[in-house]
Every structure is written in structure tokens, then in C-alpha cells.
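Containing compact mmCIF, C-alpha atoms and all ligand atoms: protein-v8.txt.
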# COMPACT_ATOMS: atom_id res chain seq x y z
CA MET T 924 0.00 0.00 0.00
CA SER T 925 1.24 3.51 -0.77
CA ASP T 926 0.93 6.31 1.77
CA LEU T 927 -1.13 8.41 -0.63
CA PHE T 928 -3.51 10.77 1.21
CA VAL T 929 -7.12 10.01 0.23
CA LYS T 930 -10.07 12.33 0.91
CA ILE T 931 -13.70 11.43 0.24
CA CYS T 932 -15.84 14.55 -0.09
CA GLY T 933 -19.52 15.48 0.04
CA LEU T 934 -20.63 12.97 2.69
CA ARG T 935 -24.14 13.30 4.09
CA THR T 936 -24.99 10.01 5.79
CA GLU T 937 -23.67 7.80 8.57
CA ARG T 938 -23.30 4.88 6.18
CA ALA T 939 -21.15 6.85 3.77
CA VAL T 940 -18.97 8.21 6.58
CA ASP T 941 -18.50 4.74 8.06
CA ALA T 942 -17.67 3.31 4.63
CA ALA T 943 -15.01 5.98 4.02
CA VAL T 944 -13.42 5.45 7.44
CA GLU T 945 -13.49 1.66 7.16
CA ALA T 946 -12.03 1.81 3.64
CA GLY T 947 -9.04 3.72 5.05
CA ALA T 948 -9.69 7.31 3.95
CA ASP T 949 -7.44 9.94 5.54
CA ALA T 950 -10.02 12.71 5.35
CA VAL T 951 -13.78 13.10 4.93
CA GLY T 952 -15.43 16.25 3.61
CA PHE T 953 -18.72 17.96 4.42
CA VAL T 954 -19.96 20.61 1.99
CA PHE T 955 -21.19 23.92 3.46
CA ALA T 956 -21.11 25.66 0.07
CA ALA T 957 -24.27 25.80 -2.05
CA SER T 958 -24.55 22.33 -3.59
CA PRO T 959 -26.83 19.28 -3.81
CA ARG T 960 -24.47 17.92 -1.13
CA THR T 961 -24.83 20.75 1.37
CA VAL T 962 -25.18 19.80 5.02
CA ASP T 963 -25.97 22.05 7.98
CA ALA T 964 -23.71 22.43 11.00
CA GLU T 965 -25.75 20.05 13.13
CA THR T 966 -25.60 17.26 10.54
CA ALA T 967 -21.87 17.77 10.03
CA ARG T 968 -21.33 17.69 13.80
CA ARG T 969 -23.28 14.44 14.17
CA LEU T 970 -21.36 12.83 11.30
CA ALA T 971 -17.98 14.17 12.46
CA LEU T 972 -18.51 12.61 15.88
CA ARG T 973 -18.34 9.18 14.21
CA VAL T 974 -14.93 9.91 12.72
CA PRO T 975 -11.84 8.68 14.59
CA GLU T 976 -9.07 11.13 15.51
CA HIS T 977 -6.67 9.92 12.80
CA VAL T 978 -9.13 10.86 10.04
CA LEU T 979 -9.32 14.58 9.23
CA THR T 980 -12.79 16.16 9.08
CA VAL T 981 -12.99 18.89 6.43
CA GLY T 982 -15.61 21.59 5.77
CA VAL T 983 -15.92 22.80 2.17
CA PHE T 984 -16.73 26.48 1.49
CA ARG T 985 -17.00 28.72 -1.54
CA GLY T 986 -17.20 32.50 -1.47
CA GLN T 987 -18.72 32.68 2.01
CA PRO T 988 -18.03 35.48 4.51
CA VAL T 989 -15.23 34.66 6.91
CA ASP T 990 -17.56 34.94 9.94
CA GLU T 991 -19.88 32.32 8.42
CA VAL T 992 -16.94 29.97 7.73
CA ARG T 993 -15.71 30.40 11.30
CA ARG T 994 -19.16 29.88 12.80
CA LEU T 995 -19.93 26.72 10.78
CA THR T 996 -16.47 25.32 11.53
CA GLU T 997 -16.85 25.90 15.25
CA GLU T 998 -20.47 24.70 15.46
CA SER T 999 -19.74 21.49 13.56
CA GLY T 1000 -16.42 20.77 15.30
CA ILE T 1001 -14.64 19.96 12.04
CA ARG T 1002 -10.85 20.30 12.00
CA ALA T 1003 -10.04 21.52 8.50
CA VAL T 1004 -11.38 24.23 6.19
CA GLN T 1005 -11.30 23.84 2.40
CA LEU T 1006 -11.76 27.12 0.54
CA HIS T 1007 -12.88 27.17 -3.11
CA GLY T 1008 -13.30 30.93 -3.49
CA ASP T 1009 -10.78 33.53 -4.60
CA GLU T 1010 -10.00 34.55 -1.03
CA GLY T 1011 -6.81 36.51 -0.40
CA PRO T 1012 -4.13 35.99 2.27
CA GLU T 1013 -5.99 38.02 4.90
CA TYR T 1014 -8.89 35.53 4.73
CA TYR T 1015 -6.51 32.67 5.51
CA THR T 1016 -4.93 34.65 8.33
CA ALA T 1017 -8.38 35.31 9.80
CA LEU T 1018 -9.22 31.59 9.78
CA ARG T 1019 -5.90 30.36 11.14
CA ALA T 1020 -6.47 28.69 14.53
CA PRO T 1021 -4.58 26.13 16.62
CA GLY T 1022 -5.16 22.61 15.34
CA ARG T 1023 -7.02 23.78 12.23
CA THR T 1024 -5.81 22.71 8.77
CA LEU T 1025 -6.38 25.16 5.90
CA ILE T 1026 -6.82 23.75 2.38
CA ARG T 1027 -6.71 26.08 -0.62
CA ALA T 1028 -8.71 24.72 -3.56
CA THR T 1029 -8.06 26.25 -6.94
CA ALA T 1030 -8.70 25.39 -10.56
CA ALA T 1031 -5.65 23.84 -12.16
CA THR T 1032 -4.16 26.03 -14.88
CA GLU T 1033 -0.99 25.96 -16.89
CA VAL T 1034 0.39 28.66 -14.60
CA PRO T 1035 2.22 26.75 -11.87
CA VAL T 1036 0.94 27.30 -8.32
CA ARG T 1037 2.92 26.67 -5.18
CA CYS T 1038 1.78 25.04 -1.94
CA GLY T 1039 1.77 27.57 0.90
CA GLU T 1040 1.44 30.74 -1.22
CA LEU T 1041 -1.53 31.83 0.93
CA ASP T 1042 -0.24 30.18 4.10
CA GLU T 1043 -2.39 27.12 3.45
CA ASP T 1044 -1.38 23.69 4.77
CA MET T 1045 -2.53 21.79 1.68
CA LEU T 1046 -3.28 22.77 -1.90
CA LEU T 1047 -6.08 21.13 -3.88
CA LEU T 1048 -5.91 21.36 -7.67
CA ASP T 1049 -9.40 20.90 -9.05
CA ALA T 1050 -11.51 21.25 -12.20
CA PRO T 1051 -12.98 24.73 -12.88
CA ASP T 1052 -16.40 23.53 -11.67
CA PRO T 1053 -15.75 21.87 -8.29
CA GLY T 1054 -17.83 18.86 -7.39
CA SER T 1055 -19.08 18.47 -10.98
CA GLY T 1056 -17.23 15.23 -11.69
CA LYS T 1057 -15.69 16.82 -14.78
CA PRO T 1058 -11.99 16.12 -15.18
CA TRP T 1059 -9.27 18.54 -16.24
CA ASN T 1060 -6.28 17.59 -18.30
CA TRP T 1061 -3.82 16.52 -15.63
CA ALA T 1062 -1.90 14.54 -18.26
CA SER T 1063 -1.16 17.69 -20.30
CA PRO T 1064 2.55 18.37 -20.83
CA GLY T 1065 1.73 22.00 -19.92
CA PHE T 1066 0.83 21.02 -16.36
CA THR T 1067 3.58 21.39 -13.77
CA ALA T 1068 2.82 19.57 -10.54
CA PRO T 1069 3.58 21.53 -7.38
CA ASP T 1070 5.90 20.25 -4.67
CA GLY T 1071 4.57 19.41 -1.25
CA ARG T 1072 1.20 18.48 0.13
CA TRP T 1073 -1.10 18.84 -2.86
CA LEU T 1074 -4.27 16.94 -3.70
CA LEU T 1075 -5.47 16.09 -7.16
CA ALA T 1076 -9.26 16.39 -7.67
CA GLY T 1077 -11.79 16.70 -10.47
CA GLY T 1078 -13.43 13.81 -12.26
CA LEU T 1079 -11.54 11.07 -10.47
CA HIS T 1080 -13.15 7.65 -10.07
CA PRO T 1081 -12.00 4.10 -9.28
CA ASP T 1082 -10.97 3.44 -12.88
CA ASN T 1083 -8.75 6.47 -13.43
CA VAL T 1084 -7.38 7.42 -10.02
CA ARG T 1085 -4.26 5.23 -10.08
CA ARG T 1086 -3.32 6.44 -13.57
CA ALA T 1087 -3.82 10.05 -12.47
CA VAL T 1088 -1.57 9.62 -9.43
CA GLU T 1089 1.15 7.99 -11.48
CA ALA T 1090 0.96 10.69 -14.16
CA THR T 1091 1.09 13.63 -11.76
CA GLY T 1092 2.93 12.38 -8.67
CA ALA T 1093 0.13 13.81 -6.55
CA TRP T 1094 0.64 13.67 -2.77
CA GLY T 1095 -3.07 12.95 -2.33
CA VAL T 1096 -6.43 12.67 -4.08
CA ASP T 1097 -9.94 13.95 -3.47
CA VAL T 1098 -13.19 12.63 -4.91
CA SER T 1099 -16.89 13.28 -4.73
CA SER T 1100 -18.87 12.51 -7.91
CA GLY T 1101 -16.77 9.45 -8.76
CA VAL T 1102 -18.01 7.63 -5.66
CA GLU T 1103 -21.71 8.41 -6.19
CA SER T 1104 -24.44 6.23 -7.67
CA GLU T 1105 -26.36 9.41 -8.55
CA ARG T 1106 -25.66 13.08 -7.95
CA GLY T 1107 -25.34 13.67 -4.21
CA VAL T 1108 -25.82 9.99 -3.26
CA LYS T 1109 -22.66 8.20 -2.15
CA SER T 1110 -22.10 4.52 -2.97
CA GLU T 1111 -20.34 2.54 -0.25
CA GLN T 1112 -19.10 0.10 -2.87
CA LEU T 1113 -17.57 2.88 -5.00
CA ILE T 1114 -15.97 4.45 -1.92
CA ARG T 1115 -14.25 1.15 -1.11
CA ALA T 1116 -13.23 0.64 -4.75
CA PHE T 1117 -11.82 4.17 -4.99
CA VAL T 1118 -9.65 3.94 -1.88
CA ALA T 1119 -8.31 0.52 -2.88
CA ALA T 1120 -7.58 1.63 -6.46
CA ALA T 1121 -5.91 4.87 -5.37
CA ARG T 1122 -3.39 2.95 -3.25
CA LYS T 1123 -2.91 -0.06 -5.49
O1 LIG W 1 -19.40 19.20 -4.05
C1 LIG W 1 -19.83 20.28 -4.41
O2 LIG W 1 -20.95 20.39 -4.94
C2 LIG W 1 -19.01 21.53 -4.23
C3 LIG W 1 -19.63 22.76 -4.35
C4 LIG W 1 -18.89 23.92 -4.18
C5 LIG W 1 -17.53 23.86 -3.90
C6 LIG W 1 -16.91 22.64 -3.80
C7 LIG W 1 -17.62 21.46 -3.96
N1 LIG W 1 -17.03 20.24 -3.88
C8 LIG W 1 -15.65 20.03 -3.71
C9 LIG W 1 -15.31 18.58 -3.92
O3 LIG W 1 -16.12 17.73 -3.74
C10 LIG W 1 -13.98 18.12 -4.29
O4 LIG W 1 -13.06 18.89 -3.59
C11 LIG W 1 -13.64 18.13 -5.74
O5 LIG W 1 -14.16 19.25 -6.36
C12 LIG W 1 -13.91 16.85 -6.47
O6 LIG W 1 -15.13 16.83 -7.09
P1 LIG W 1 -15.52 15.70 -8.15
O7 LIG W 1 -15.01 16.11 -9.49
O8 LIG W 1 -17.00 15.63 -8.08
O9 LIG W 1 -14.89 14.42 -7.68
Translate the structure of the given file into C-alpha cells.
Amino acid sequence: MSDLFVKICGLRTERAVDAAVEAGADAVGFVFAASPRTVDAETARRLALRVPEHVLTVGVFRGQPVDEVRRLTEESGIRAVQLHGDEGPEYYTALRAPGRTLIRATAATEVPVRCGELDEDMLLLDAPDPGSGKPWNWASPGFTAPDGRWLLAGGLHPDNVRRAVEATGAWGVDVSSGVESERGVKSEQLIRAFVAAARK
């Protein structure tokens, strides 16, 4: 088994959370941005309470005021914040707190990005439309993979994740649509298949 970091995103039910943890995911994500996968703070808190300490709980946000991000993070008790907006460094500074992991999510472009540019702990390179299941061209010769703790996301699924990791050298991977039987509905079987394939 490789030590690839694997995050399963957009979880809304106990069964899906348990499947991700049992399959060996390193992180589970709860979406607070507008989405068919949105959960409220109370639901995220209930689900996060099932997650053992070694698995990171992540809240996903896009273009929300910093006070709202802070409130939802604190009310739900999640440990990491994933930001999909075009927030600047001051936004990251405002959210920095002891024990909290900050993840900067950005659309992959041919302009190289560096991990830590905005004082984030992890960088997530995604498709332009996050959570859509649409891939971007990670195999393009124009793509330069960053160094450090970066996650590859966007259109991954059990049948392409290993190839994507080998092509890019990604430190970790993130998936949502590729482990769903229909939009917003996670499949326990696909979650297991994804984690196993990612680390094959
Ligand atoms: O899931 C959403 O609908 C969503 C909405 C707004 C911002 C981010 C969102 N999701 C983030 C993710 O699920 C993943 O980080 C990533 O985009 C992978 O998505 P997918 O291509 O569906 O695997």
C-alpha cells in the first residue's frame, strides 16, 4: 500500500462516513457551500462525531463570509477548512487557529501554483467547476505539478485514479462525484473501490 492521502468529499450520511473510514480514507469532507451535497452544522457535527481522531474532518466552502466559515467550523467541530473561493491571504490569516488545517482549492491552470502561497497547509488542484465530476487535463505536458502536500481532484473515479496519481505524482487525491451512484448519493461500494484503487 502507498501512503497516498485520500479524501472522500460530500458525505451526508452515517453509512457513507463509516464506509469511508473503514475503507481507510485519511479525510472526509462535508460541503457547506451551495450544492446538492450541502449539510448544515448540526448534521456535520453528528457525522464528524463518528470519525476517529486519525481521520481529518474537512468543511468545504466557496465564497462565504469569513464569519460564516468560522461559525460553521466551530459549530460542527470539524478540523479543516477547504476554501474554493478567490479569497486573499488576509482571509486565511483570519481563519488560522490552533489545530485547524487550511486547504486552498483552486482550478488547475498551466500557470504553476505553489503550496503555501496563501499560508495554506494543503493545496487542492481541481476542475474549474468543483464537485461536478468533470476532469481537467492533468496529463497535459503544460501542467507542472507543485511540490509538497497537494491533492489532485476533479473527475476522479475508481478506474482512473491510479493512472492520475502515477501521471502527476500527486501527494493525495480527493473525490466526490466518482463515488456516487447518482448526484449527491454516495455509494459505499464505490468508496471502497476508490480507496483501494488509489493505493494499489
Ligand atoms: O461538491 C460540491 O458540490 C461543491 C460545491 C462547491 C464547492 C466545492 C464542492 N465540492 C468540492 C469537492 O467535492 C472536491 O473537492 C472536488 O471538487 C472533487 O469533485 P468531483 O469532481 O466531483 O470528484
* To do: Select the residues contacting ligand LIG 1 (chain W) at a distance of at most 10 Å, based on all atoms listed in the file, then format the selection as number ranges by chain.
  => T: 930-934, 952-961, 982-986, 1005-1008, 1026, 1028-1030, 1047-1059, 1074-1080, 1096-1103, 1106-1107
**Q.** Nearest to Val1034 (chain T), chosen from T:Gly1065, T:Ala1116, T:Asp1009, T:Ala1017, with only C-alpha atoms counted in the distances
**A.**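 Closest to Val1034 (chain T) of all the choices is T:Gly1065.
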Q.
Using only C-alpha atoms, which protein or nucleic acid residues come within 6 Å of Trp1073 (chain T)? Drop anything in the same chain fewer than 2 positions from it, and give the result as a ChimeraX atom specification.
A. /T:1045-1047,1071,1094
Would you list the contacts of Arg1122 (chain T) as number ranges by chain, taking every protein, DNA or RNA residue within 12 Å and counting all atoms listed in the file, but skipping same-chain residues closer than 3 positions in sequence?
-> T: 924-929, 946-949, 1081, 1084-1089, 1093-1096, 1115-1119
Query raised in the report: What does the distance between CA of Pro1069 (chain T) and CA of Ala1020 (chain T) come to in Å, to one decimal place?
Result: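 Going from CA of Pro1069 (chain T) over to CA of Ala1020 (chain T), I get 25.1 Å.
Picture a line from CA of Val981 (chain T) to CA of Ala1062 (chain T); it runs 27.4 Å.
Between CA of Arg1027 (chain T) and CA of Val1004 (chain T) lies a distance of 8.5 Å.
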Identify, on the basis of all atoms listed in the file, every residue whose closest approach to Arg973 (chain T) does not exceed 8 Å; exclude the query and any residue fewer than 2 positions from it along the same chain; express the result as a compact mmCIF listing (two decimals) with C-alpha atoms, keeping the file's coordinate frame.
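To be explicit, this is the file written out as part.txt:
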# COMPACT_ATOMS: atom_id res chain seq x y z
CA GLU T 937 -23.67 7.80 8.57
CA VAL T 940 -18.97 8.21 6.58
CA ASP T 941 -18.50 4.74 8.06
CA ARG T 969 -23.28 14.44 14.17
CA LEU T 970 -21.36 12.83 11.30
CA ALA T 971 -17.98 14.17 12.46
CA PRO T 975 -11.84 8.68 14.59
Counting all atoms listed in the file, closest pick from T:Val951, T:Lys1123, T:Thr1067, T:Lys1109 relative to Ala939 (chain T) is T:Lys1109
- Message: Between T:Cys1038, T:Val962, T:Leu979, T:Ala1090, which residue has the minimum interatomic distance to Ser1063 (chain T), considering all atoms listed in the file?
- Response: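 Checking each candidate against Ser1063 (chain T), we get T:Ala1090 as the closest.
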